[in-house]
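File shown: input-v7.txt. Contents: compact mmCIF, C-alpha atoms.
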# COMPACT_ATOMS: atom_id res chain seq x y z
CA MET D 222 132.51 15.66 188.75
CA MET D 223 136.12 16.49 187.94
CA ASP D 224 137.21 17.30 184.44
CA ASP D 225 139.96 15.33 182.68
CA HIS D 226 142.65 17.81 183.54
CA GLU D 227 141.77 17.74 187.20
CA MET D 228 141.56 13.97 187.24
CA THR D 229 145.07 13.43 185.94
CA ARG D 230 146.75 16.20 187.92
CA ASP D 231 149.42 15.16 190.45
CA THR D 232 148.69 17.16 193.55
CA PRO D 233 151.43 17.65 196.16
CA ASP D 234 149.27 15.70 198.61
CA ASP D 235 149.18 12.69 196.34
CA GLN D 236 152.87 12.80 195.68
CA LEU D 237 153.51 12.13 199.35
CA ARG D 238 151.21 9.13 199.35
CA ASP D 239 152.88 5.72 199.25
CA PRO D 240 150.70 3.39 197.19
CA GLY D 241 151.99 0.34 199.09
CA PRO D 242 151.55 -3.18 197.70
CA PRO D 243 149.33 -3.76 194.66
CA PRO D 244 145.68 -4.55 195.43
CA ALA D 245 144.47 -8.15 195.32
CA ALA D 246 142.42 -7.36 192.20
CA LEU D 247 145.66 -7.19 190.22
CA ALA D 248 146.56 -10.76 191.17
CA ALA D 249 144.73 -12.00 188.05
CA LEU D 250 147.68 -10.60 186.08
CA ASP D 251 149.86 -13.48 187.28
CA ASP D 252 147.56 -15.96 185.53
CA VAL D 253 148.23 -14.34 182.17
CA VAL D 254 151.04 -16.04 180.26
CA ALA D 255 152.14 -15.64 176.68
CA PRO D 256 150.49 -18.09 174.26
CA ASP D 257 152.58 -21.02 173.09
CA ARG D 258 152.78 -19.83 169.48
CA LEU D 259 154.21 -16.51 170.63
CA ARG D 260 156.68 -18.26 172.93
CA THR D 261 157.82 -20.51 170.08
CA ALA D 262 158.17 -17.60 167.68
CA VAL D 263 160.17 -15.43 170.09
CA ALA D 264 162.37 -18.37 171.16
CA GLU D 265 163.19 -19.06 167.50
CA MET D 266 163.99 -15.41 166.86
CA ALA D 267 166.18 -15.20 169.97
CA ALA D 268 168.07 -18.37 169.03
CA GLU D 269 168.70 -17.03 165.53
CA ALA D 270 169.89 -13.69 166.88
CA GLN D 271 172.17 -15.38 169.40
CA GLU D 272 173.72 -17.48 166.66
CA ALA D 273 174.16 -14.45 164.41
CA GLN D 274 175.76 -12.37 167.17
CA ALA D 275 178.08 -15.09 168.49
CA PRO D 276 180.92 -14.76 165.92
CA ARG D 277 181.06 -11.00 166.44
CA ARG D 278 181.27 -11.43 170.22
CA ARG D 279 183.95 -14.15 169.95
CA LEU D 280 186.05 -12.05 167.60
CA ALA D 281 185.77 -8.96 169.77
CA GLY D 282 186.71 -10.99 172.85
CA TRP D 283 189.69 -12.60 171.12
CA LEU D 284 191.07 -9.33 169.81
CA GLY D 285 190.34 -7.56 173.07
CA GLY D 286 192.47 -10.07 174.98
CA ARG D 287 195.41 -10.23 172.60
CA ALA D 288 195.56 -6.96 170.74
CA PRO D 289 195.43 -3.26 171.42
CA ARG D 290 192.01 -1.67 171.72
CA PHE D 291 192.23 0.00 168.32
CA ALA D 292 192.39 -3.46 166.76
CA VAL D 293 188.91 -4.13 168.08
CA ALA D 294 187.70 -0.82 166.74
CA VAL D 295 189.14 -1.54 163.28
CA ALA D 296 188.98 -5.32 162.90
CA VAL D 297 185.45 -5.95 164.14
CA PRO D 298 183.75 -3.51 161.76
CA LEU D 299 186.05 -4.62 158.93
CA VAL D 300 185.18 -8.29 159.36
CA THR D 301 181.51 -7.38 159.72
CA VAL D 302 181.60 -5.43 156.45
CA LEU D 303 183.30 -8.35 154.67
CA VAL D 304 180.78 -10.84 156.01
CA LEU D 305 177.88 -8.60 155.00
CA ALA D 306 179.34 -8.04 151.55
CA PHE D 307 179.68 -11.80 151.11
CA ALA D 308 176.18 -12.39 152.38
CA ALA D 309 174.77 -9.70 150.10
CA GLN D 310 176.00 -11.64 147.06
CA ARG D 311 174.17 -14.73 148.19
CA ILE D 312 170.80 -13.40 149.10
CA VAL D 313 167.90 -11.78 147.37
CA ALA D 314 167.70 -8.44 149.13
CA PRO D 315 164.74 -6.29 148.05
CA GLY D 316 165.46 -4.13 151.08
CA GLY D 317 168.77 -3.13 149.49
CA GLY D 318 170.89 -4.99 152.05
CA SER D 319 170.17 -2.59 154.92
CA SER D 320 170.69 -3.77 158.50
CA SER D 321 166.99 -3.44 159.33
CA PRO D 322 164.95 -6.62 159.08
CA PRO D 323 162.96 -7.16 155.89
CA SER D 324 159.29 -6.29 156.08
CA ALA D 325 156.11 -7.90 154.81
CA ARG D 326 156.37 -5.61 151.77
CA ASP D 327 159.75 -7.13 150.93
CA VAL D 328 158.11 -10.55 151.07
CA ALA D 329 155.34 -9.26 148.77
CA THR D 330 157.98 -8.19 146.25
CA VAL D 331 159.06 -11.81 145.96
CA ALA D 332 155.44 -13.01 145.79
CA LEU D 333 155.01 -10.85 142.68
CA ARG D 334 158.08 -12.29 140.91
CA PRO D 335 158.01 -15.14 138.37
CA ALA D 336 158.06 -18.77 139.47
CA LEU D 337 161.40 -20.58 139.34
CA ALA D 338 160.09 -24.12 139.81
CA GLY D 339 157.03 -26.12 138.91
CA ALA D 340 153.83 -26.38 140.87
CA PRO D 341 153.99 -28.67 143.91
CA ALA D 342 152.02 -31.90 143.71
CA THR D 343 148.65 -32.20 145.42
CA LEU D 344 148.51 -34.35 148.55
CA PRO D 345 145.84 -37.07 148.90
CA GLY D 346 142.60 -35.40 149.94
CA GLY D 347 142.99 -32.63 147.41
CA GLU D 348 143.14 -29.79 149.96
CA LEU D 349 146.90 -29.35 150.43
CA LEU D 350 149.99 -29.20 148.26
CA ARG D 351 153.22 -31.06 148.82
CA ALA D 352 154.88 -27.80 149.85
CA HIS D 353 155.13 -26.25 153.28
CA ALA D 354 156.87 -23.56 155.28
CA GLY D 355 157.50 -25.01 158.74
CA PRO D 356 154.17 -26.29 160.04
CA ILE D 357 152.14 -24.42 157.40
CA ALA D 358 151.20 -26.42 154.32
CA PHE D 359 150.23 -24.57 151.17
CA PRO D 360 146.58 -25.09 150.17
CA THR D 361 145.36 -26.11 146.71
CA TRP D 362 142.55 -23.49 146.65
CA THR D 363 141.01 -25.36 143.71
CA ARG D 364 137.55 -25.02 145.34
CA ASN D 365 138.03 -21.27 145.19
CA GLY D 366 138.86 -21.31 141.51
CA TRP D 367 142.65 -21.19 141.75
CA ARG D 368 145.26 -23.80 140.84
CA ALA D 369 148.94 -23.96 141.72
CA VAL D 370 151.13 -23.10 138.73
CA GLY D 371 154.63 -22.70 140.14
CA SER D 372 156.84 -22.11 143.14
CA ARG D 373 160.16 -20.68 144.27
CA SER D 374 162.39 -20.58 147.35
CA ASP D 375 164.37 -17.49 148.35
CA THR D 376 166.25 -15.92 151.23
CA VAL D 377 165.33 -12.36 152.12
CA GLY D 378 167.45 -10.57 154.70
CA GLY D 379 168.54 -13.92 156.12
CA HIS D 380 164.98 -15.26 156.28
CA ALA D 381 163.89 -18.30 154.30
CA LEU D 382 160.96 -17.65 152.02
CA ARG D 383 158.76 -20.23 150.31
CA THR D 384 156.35 -19.08 147.63
CA VAL D 385 153.67 -20.89 145.66
CA PHE D 386 152.00 -19.23 142.70
CA TYR D 387 148.38 -19.77 141.70
CA ALA D 388 146.35 -18.83 138.61
CA ASP D 389 142.61 -18.62 137.98
CA ALA D 390 140.58 -19.36 134.87
CA ALA D 391 140.99 -15.76 133.66
CA GLY D 392 144.78 -16.14 133.77
CA ARG D 393 145.25 -13.87 136.77
CA ARG D 394 148.14 -14.85 138.99
CA ILE D 395 148.75 -14.54 142.73
CA GLY D 396 151.72 -15.45 144.91
CA TYR D 397 151.41 -16.86 148.44
CA ALA D 398 154.74 -16.36 150.24
CA ILE D 399 155.61 -17.46 153.76
CA ALA D 400 158.68 -16.11 155.59
CA ASP D 401 160.16 -18.07 158.48
CA ALA D 402 159.81 -15.22 161.01
CA PRO D 403 157.33 -12.59 162.19
CA LEU D 404 158.56 -9.64 160.14
CA PRO D 405 157.48 -6.02 160.68
CA VAL D 406 154.28 -5.23 158.80
CA GLY D 407 154.95 -1.51 158.43
CA GLY D 408 151.52 0.07 158.23
CA GLY D 409 148.46 -1.05 156.31
CA ALA D 410 144.82 -1.28 157.27
CA THR D 411 143.75 -4.03 159.64
CA VAL D 412 140.63 -5.94 158.69
CA THR D 413 138.89 -8.89 160.27
CA VAL D 414 137.48 -11.56 157.98
CA ARG D 415 135.78 -14.60 159.50
CA GLY D 416 137.68 -13.98 162.70
CA ALA D 417 141.08 -13.77 160.97
CA ARG D 418 143.05 -10.57 161.50
CA LEU D 419 144.55 -9.52 158.19
CA VAL D 420 146.42 -6.43 157.11
CA VAL D 421 145.83 -4.90 153.68
CA LEU D 422 149.11 -3.34 152.57
CA ASP D 423 147.97 -2.37 149.10
CA ARG D 424 144.76 -2.32 147.14
CA GLY D 425 144.36 -1.25 143.55
CA ALA D 426 146.51 -2.34 140.62
CA THR D 427 148.48 -4.46 143.05
CA SER D 428 146.79 -6.05 146.03
CA ILE D 429 148.77 -7.23 149.04
CA VAL D 430 147.40 -8.88 152.16
CA THR D 431 149.53 -10.11 155.06
CA TRP D 432 148.96 -11.94 158.31
CA ARG D 433 150.89 -13.92 160.90
CA ARG D 434 150.55 -17.56 161.67
CA ASP D 435 152.68 -19.90 163.81
CA GLY D 436 155.39 -17.28 164.20
CA ARG D 437 155.65 -16.74 160.46
CA THR D 438 154.76 -13.93 158.09
CA CYS D 439 152.33 -14.87 155.34
CA VAL D 440 151.77 -12.64 152.31
CA LEU D 441 149.31 -12.99 149.46
CA ALA D 442 149.91 -10.65 146.54
CA GLY D 443 148.63 -10.27 143.01
CA ARG D 444 148.32 -7.76 140.19
CA GLY D 445 144.88 -7.02 138.82
CA VAL D 446 143.24 -9.16 141.48
CA PRO D 447 140.60 -7.47 143.68
CA VAL D 448 141.68 -7.30 147.30
CA ARG D 449 138.45 -9.01 148.38
CA ARG D 450 139.56 -12.17 146.54
CA LEU D 451 142.82 -12.13 148.46
CA LEU D 452 141.02 -11.45 151.75
CA THR D 453 138.78 -14.45 151.17
CA LEU D 454 141.68 -16.76 150.43
CA ALA D 455 143.72 -15.34 153.31
CA SER D 456 140.87 -15.87 155.77
CA TYR D 457 141.01 -19.59 154.96
CA ALA D 458 144.77 -19.74 155.28
CA ALA D 459 145.21 -17.57 158.39
CA MET F 191 179.32 -2.02 178.03
CA PRO F 192 176.94 -4.95 178.66
CA ARG F 193 174.83 -6.08 175.76
CA LEU F 194 171.29 -7.38 175.78
CA ASP F 195 171.20 -11.16 175.77
CA PRO F 196 168.68 -12.21 173.08
CA GLN F 197 167.40 -14.86 175.48
CA ALA F 198 166.20 -12.06 177.80
CA LEU F 199 163.18 -11.76 175.49
CA VAL F 200 162.28 -15.36 176.23
CA THR F 201 162.96 -14.96 179.97
CA HIS F 202 160.71 -11.91 180.29
CA LEU F 203 158.17 -12.95 177.65
CA ASP F 204 155.19 -13.32 180.01
CA ARG F 205 155.75 -9.89 181.52
CA LEU F 206 156.21 -8.30 178.11
CA TYR F 207 153.03 -9.95 176.89
CA ARG F 208 151.09 -8.56 179.88
CA VAL F 209 152.54 -5.10 179.30
CA ALA F 210 151.62 -5.30 175.62
CA TRP F 211 148.08 -6.40 176.44
CA ALA F 212 147.71 -3.58 178.97
CA LEU F 213 148.94 -1.07 176.38
CA CYS F 214 146.91 -2.35 173.41
CA GLY F 215 143.82 -3.57 175.27
CA SER F 216 143.64 -6.59 172.98
CA ARG F 217 145.22 -10.02 173.30
CA GLU F 218 145.71 -10.38 169.55
CA GLU F 219 147.32 -6.97 169.16
CA ALA F 220 149.50 -7.73 172.18
CA GLU F 221 150.88 -10.79 170.40
CA ASP F 222 151.70 -8.74 167.32
CA LEU F 223 153.27 -6.00 169.41
CA VAL F 224 155.56 -8.41 171.24
CA GLN F 225 156.61 -10.06 167.98
CA GLU F 226 157.23 -6.69 166.35
CA THR F 227 159.30 -5.58 169.34
CA ALA F 228 161.31 -8.80 169.29
CA ALA F 229 161.99 -8.37 165.56
CA ARG F 230 163.23 -4.81 166.11
CA VAL F 231 165.29 -5.52 169.21
CA LEU F 232 166.94 -8.62 167.76
CA ALA F 233 167.76 -7.01 164.41
CA LYS F 234 171.18 -6.04 165.77
CA PRO F 235 173.17 -6.29 169.04
CA ARG F 236 171.83 -3.84 171.65
CA GLN F 237 173.77 -2.11 174.39
CA LEU F 238 172.00 -1.71 177.72
CA HIS F 239 173.51 1.67 178.73
CA GLY F 240 173.31 0.75 182.40
CA GLN F 241 169.66 -0.27 182.16
CA ASP F 242 168.26 -3.46 183.55
CA GLU F 243 167.31 -5.97 180.79
CA LEU F 244 163.62 -5.85 181.68
CA ALA F 245 163.56 -2.05 181.80
CA TYR F 246 165.26 -1.95 178.38
CA LEU F 247 162.75 -4.36 176.88
CA VAL F 248 159.74 -2.56 178.37
CA GLN F 249 161.05 0.68 176.91
CA ALA F 250 161.52 -0.97 173.51
CA LEU F 251 158.00 -2.36 173.71
CA ARG F 252 156.57 1.04 174.56
CA ASN F 253 158.50 2.72 171.73
CA THR F 254 157.23 0.11 169.26
CA PHE F 255 153.69 0.62 170.59
CA LEU F 256 153.90 4.40 170.18
CA LEU F 257 155.33 4.01 166.68
CA ALA F 258 152.56 1.62 165.68
CA ARG F 259 149.92 3.90 167.18
CA ARG F 260 151.27 6.89 165.27
CA THR F 261 151.29 4.89 162.04
CA ALA F 262 147.78 3.58 162.69
CA SER F 263 146.45 7.06 163.41
CA ARG F 264 147.48 8.09 159.91
CA ARG F 265 145.63 5.17 158.37
CA PRO F 266 141.98 4.47 159.11
CA ARG F 267 141.30 1.15 160.75
CA GLU F 268 138.97 -0.86 158.55
CA VAL F 269 136.64 -3.72 159.11
CA ALA F 270 135.87 -5.64 155.95
CA THR F 271 132.26 -5.41 154.84
CA LEU F 272 130.35 -8.38 153.52
CA GLU F 273 130.64 -6.99 150.00
CA GLN F 274 134.41 -7.13 150.27
CA VAL F 275 134.47 -10.82 151.02
CA ASP F 276 133.47 -13.68 148.77
CA PRO F 277 130.79 -16.04 150.09
CA PRO F 278 132.18 -19.00 152.01
CA ASP F 279 132.91 -22.19 150.14
CA MET F 280 132.18 -25.74 151.32
CA ARG F 281 134.68 -25.56 154.17
CA GLY F 282 133.44 -25.02 157.69
CA THR F 283 134.27 -21.69 159.22
CA GLY F 284 134.99 -23.23 162.64
CA GLY F 285 135.68 -21.24 165.79
CA GLY F 286 133.07 -19.08 167.50
CA GLY F 287 130.86 -19.83 170.42
CA LEU F 288 133.66 -21.29 172.48
CA GLY F 289 133.33 -20.92 176.21
CA MET F 290 135.91 -18.88 178.05
CA PRO F 291 137.47 -19.99 181.36
CA GLU F 292 136.68 -17.81 184.35
CA SER F 293 140.33 -16.83 184.81
CA ALA F 294 140.50 -15.62 181.21
CA LEU F 295 137.38 -13.53 181.75
CA ALA F 296 138.88 -12.04 184.91
CA ALA F 297 142.06 -11.14 183.04
CA ARG F 298 140.05 -9.63 180.19
CA GLU F 299 138.07 -7.45 182.61
CA LEU F 300 141.24 -6.42 184.38
CA PHE F 301 142.99 -5.42 181.16
CA ALA F 302 139.87 -3.58 180.02
CA ALA F 303 139.89 -1.63 183.30
CA ILE F 304 143.59 -0.82 182.82
CA GLU F 305 143.03 0.26 179.24
CA ALA F 306 140.25 2.59 180.34
CA LEU F 307 142.62 4.51 182.63
CA PRO F 308 143.87 7.96 181.61
CA GLU F 309 147.20 7.58 179.78
CA GLU F 310 149.43 8.84 182.61
CA PHE F 311 147.84 6.60 185.23
CA ARG F 312 147.84 3.63 182.88
CA LEU F 313 151.53 3.95 182.04
CA ALA F 314 152.47 4.18 185.73
CA LEU F 315 150.46 1.10 186.62
CA VAL F 316 151.75 -0.82 183.60
CA ALA F 317 155.37 0.03 184.44
CA VAL F 318 155.18 -0.90 188.12
CA ASP F 319 152.41 -3.45 188.61
CA VAL F 320 152.39 -5.13 185.21
CA ALA F 321 156.04 -4.94 184.14
CA GLY F 322 157.41 -5.15 187.68
CA LEU F 323 159.78 -2.19 187.38
CA SER F 324 160.91 -0.27 190.45
CA TYR F 325 159.62 3.26 191.02
CA ARG F 326 163.05 4.53 189.96
CA GLU F 327 163.01 2.53 186.70
CA ALA F 328 159.42 3.54 186.01
CA ALA F 329 160.31 7.17 186.63
CA ASP F 330 163.25 6.90 184.18
CA LEU F 331 161.08 5.20 181.60
CA LEU F 332 158.30 7.77 181.82
CA GLU F 333 160.70 10.68 182.32
CA THR F 334 159.15 11.89 185.53
CA ARG F 335 159.82 11.82 189.29
CA GLU F 336 159.42 8.84 191.60
CA ALA F 337 156.90 10.78 193.68
CA THR F 338 154.80 11.39 190.58
CA ILE F 339 154.91 7.70 189.76
CA ALA F 340 153.73 6.91 193.31
CA SER F 341 150.90 9.41 192.98
CA ARG F 342 149.74 8.15 189.60
CA LEU F 343 150.06 4.54 190.70
CA PHE F 344 147.89 5.19 193.76
CA ARG F 345 145.14 6.72 191.65
CA ALA F 346 145.45 4.10 188.91
CA ARG F 347 145.06 1.25 191.39
CA GLU F 348 142.12 2.99 193.02
CA ARG F 349 140.33 3.32 189.69
CA VAL F 350 141.05 -0.24 188.59
CA VAL F 351 139.73 -1.66 191.86
CA LEU F 352 136.66 0.56 191.56
CA ALA F 353 136.04 -0.50 187.97
CA LEU F 354 136.30 -4.19 188.85
CA THR F 355 134.11 -3.81 191.93
CA SER F 356 131.50 -2.01 189.90
CA ALA F 357 131.55 -4.79 187.35
CA ASP F 358 130.97 -7.37 190.09
CA GLU F 359 128.16 -5.33 191.54
CA ARG F 360 126.57 -5.05 188.13
CA GLY F 361 126.84 -8.84 187.82
CA GLU F 362 125.21 -9.37 191.20
CA ALA F 363 122.46 -6.92 190.37
CA SER F 364 121.66 -8.63 187.10
CA ALA F 365 121.74 -12.05 188.82
CA ALA F 366 119.31 -10.77 191.46
CA PHE F 367 117.12 -9.36 188.70
CA ARG F 368 117.12 -12.69 186.91
CA SER F 369 116.14 -14.53 190.12
CA LEU F 370 113.06 -12.31 190.46
CA ARG F 371 111.71 -13.17 187.02
Rendering of file as structure tokens:
Amino acid sequence: MMDDHEMTRDTPDDQLRDPGPPPAALAALDDVVAPDRLRTAVAEMAAEAQEAQAPRRRLAGWLGGRAPRFAVAVAVPLVTVLVLAFAAQRIVAPGGGSSSPPSARDVATVALRPALAGAPATLPGGELLRAHAGPIAFPTWTRNGWRAVGSRSDTVGGHALRTVFYADAAGRRIGYAIADAPLPVGGGATVTVRGARLVVLDRGATSIVTWRRDGRTCVLAGRGVPVRRLLTLASYAA
Amino acid sequence: MPRLDPQALVTHLDRLYRVAWALCGSREEAEDLVQETAARVLAKPRQLHGQDELAYLVQALRNTFLLARRTASRRPREVATLEQVDPPDMRGTGGGGLGMPESALAARELFAAIEALPEEFRLALVAVDVAGLSYREAADLLETREATIASRLFRARERVVLALTSADERGEASAAFRSLR
């Protein structure tokens, strides 16, 4: 039996060998296609990026055809800075307005803020609220001992964010925020609860759990709430 | 200098998904990896630097995978214990026990065989057979020579075929055993 080093060594003999076409066993790869929810999510992200990049490309093309090259070098960044400065005034930017996309932690920051609007009404059936983020409706969670107490809508790094706040009988409060895109999670511990893959970003004084659903980033956050309570709720919502 | 068209992610999505699955060994993690890569790549306009769109995206996917793996290695992976989770309420838990089509099982076995390969062999096979890159592009991506790619690819394919054949043989053996009882 060869050891690991020997097994992975590229011998001169092997380097001359032409592997030829892939074996038939690999044909099963062709049957594997991306799931629809992933396709939808990526298509949405690509469309948004294309729209965001279009003005910059048009401006560069226009200046490139009618002005000296230095105009492109000066005007394009200048216009970009002005647009960003304008945008920065209009958005909530926990990330500090950096060019990197916001993360699930940025979404959690909003979920821990105060409500700006009242609680959404309960839909007939008693399970869902009259509030949704894309195809995801916010639950009532009354069976789990929580009731909706407020809501807010924000924009974080260009992404729409809908948040509903809940409180339990002890007065503890949690925020359930849903961003309109799959944002980077940035670490955390992955756990599986009732088949749902969830990521615990924080546990302790502040608990934060995040997951992805239908191409969106969902975050449940609360102060003084055990992470297991959030995991339970998240497993129903994921 | 040509820029990456954001729609290239949609065009090459199936390939990227297969590459992600082959790298992660899990369908669910593959989905997350592709989404994470898309979020990073689309965050700002990207210049291709003479690379083919697919080669660029595969490289971005691999970089995101390595970054995630490094981050994960610093944090222990947890599985929630029963004590961490409240008992279920009146709602049904759903899911579970669903049958799996034969083609999905075949793909699962294949990806498991790929994941079990030594890193160097796996990356060569993923770059050429899964992503569809040329030997040249694979060599650039993995920073090695074309001949080395050919060598690793040969061995990787050999091992995958062997692993799948062994699995079949095991299946036949257990079926024969069952027929004797």
### Task
Can you pull out every residue within 9 Å of range 321-336 of chain F, counting all atoms listed in the file, but drop anything in the same chain fewer than 4 positions away, and send it as a list of chain:residue names?
D:Gln236, F:Arg205, F:Leu206, F:Arg208, F:Val209, F:Gln241, F:Asp242, F:Leu244, F:Ala245, F:Tyr246, F:Val248, F:Gln249, F:Glu310, F:Leu313, F:Ala314, F:Leu315, F:Val316, F:Ala317, F:Ala340, F:Ser341
### Query
Using only C-alpha atoms, which of F:Arg342, F:Arg312, F:Arg252, F:Arg236 sits nearest Ala220 in chain F?
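Among F:Arg342, F:Arg312, F:Arg252, F:Arg236, it is F:Arg252 that comes nearest to Ala220 in chain F.
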### Task
Specify as a PyMOL selection string all residues of chain D found within 8 Å of chain F, counting only C-alpha atoms.
chain D and resi 229+231+235-240+243-244+246-247+249-250+252-255+259-260+262-264+266-268+270-271+274+320-322+364-365+403-405+408-415+448-450+452-453
### Message
One decimal, in Å: what's the spacing between CA of Cys439 in chain D and CA of Ile399 in chain D?
### Response
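Going from CA of Cys439 in chain D over to CA of Ile399 in chain D covers 4.5 Å.
Excluding Gly347 in chain D itself and same-chain residues fewer than 2 positions from it, the residues having an atom within 10 Å of it are Ala342, Thr343, Leu344, Pro345, Leu349, Leu350, Pro360, Thr361, Trp362, Thr363 and Arg364 of chain D, counting all atoms listed in the file.
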### Task
Select, from D:Gly445, D:Gly379, D:Gly396, D:Gly416, the residue with the minimum atom-to-atom distance to Glu269 in chain D, counting only C-alpha atoms.
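Using only C-alpha atoms, Glu269 in chain D sits closest to D:Gly379.
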### Query
What is the distance between CA of Val430 in chain D and CA of Ser216 in chain F, in Å to one decimal?
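Separation of CA of Val430 in chain D and CA of Ser216 in chain F: 21.3 Å.
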If we count all atoms listed in the file, what is near Ile429 in chain D at a cut-off of 6 Å, once residues fewer than 4 positions away on the same chain are taken out, given as a compact mmCIF listing (two decimals) with C-alpha atoms, in the coordinates of the input?
# COMPACT_ATOMS: atom_id res chain seq x y z
CA VAL D 421 145.83 -4.90 153.68
CA LEU D 422 149.11 -3.34 152.57
CA ASP D 423 147.97 -2.37 149.10
CA LEU D 441 149.31 -12.99 149.46
CA ALA D 442 149.91 -10.65 146.54
### Query
In Å, how far is it from CA of Ser428 in chain D to CA of Arg383 in chain D?
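Atom-to-atom, CA of Ser428 in chain D and CA of Arg383 in chain D are spaced 19.0 Å apart.
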### Task
May I ask which of the residues D:Thr431, D:Thr384, D:Thr330, D:Ser372 is the closest one to Ala458 in chain D, counting only C-alpha atoms?
D:Thr431
### Query
If we count all atoms listed in the file, what is near Val446 in chain D at a cut-off of 8 Å, once residues fewer than 2 positions away on the same chain are taken out, given as an NGL selection string?
:D and (393-395 or 426-428 or 443-444 or 448 or 450-451)
May I have the residues from that selection written out with C-alpha atoms, as an mmCIF file, in the frame of the given file?
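Contents of part.cif, freshly written:
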data_model
loop_
_atom_site.group_PDB
_atom_site.id
_atom_site.type_symbol
_atom_site.label_atom_id
_atom_site.label_comp_id
_atom_site.auth_asym_id
_atom_site.auth_seq_id
_atom_site.Cartn_x
_atom_site.Cartn_y
_atom_site.Cartn_z
ATOM 1 C CA ARG D 393 145.250 -13.870 136.770
ATOM 2 C CA ARG D 394 148.140 -14.850 138.990
ATOM 3 C CA ILE D 395 148.750 -14.540 142.730
ATOM 4 C CA ALA D 426 146.510 -2.340 140.620
ATOM 5 C CA THR D 427 148.480 -4.460 143.050
ATOM 6 C CA SER D 428 146.790 -6.050 146.030
ATOM 7 C CA GLY D 443 148.630 -10.270 143.010
ATOM 8 C CA ARG D 444 148.320 -7.760 140.190
ATOM 9 C CA VAL D 448 141.680 -7.300 147.300
ATOM 10 C CA ARG D 450 139.560 -12.170 146.540
ATOM 11 C CA LEU D 451 142.820 -12.130 148.460
#
Axis-aligned box for range 434-439 of chain D, 8 Å per side, centre and edges in Å as lines of an AutoDock Vina configuration file:
center_x = 153.1
center_y = -16.9
center_z = 159.8
size_x = 21.1
size_y = 22.0
size_z = 24.9
### Query
Hey, which of D:Gly371, D:Gly425, D:Gly407, D:Gly355 ends up closest to Arg437 in chain D? Count only C-alpha atoms.
D:Gly355
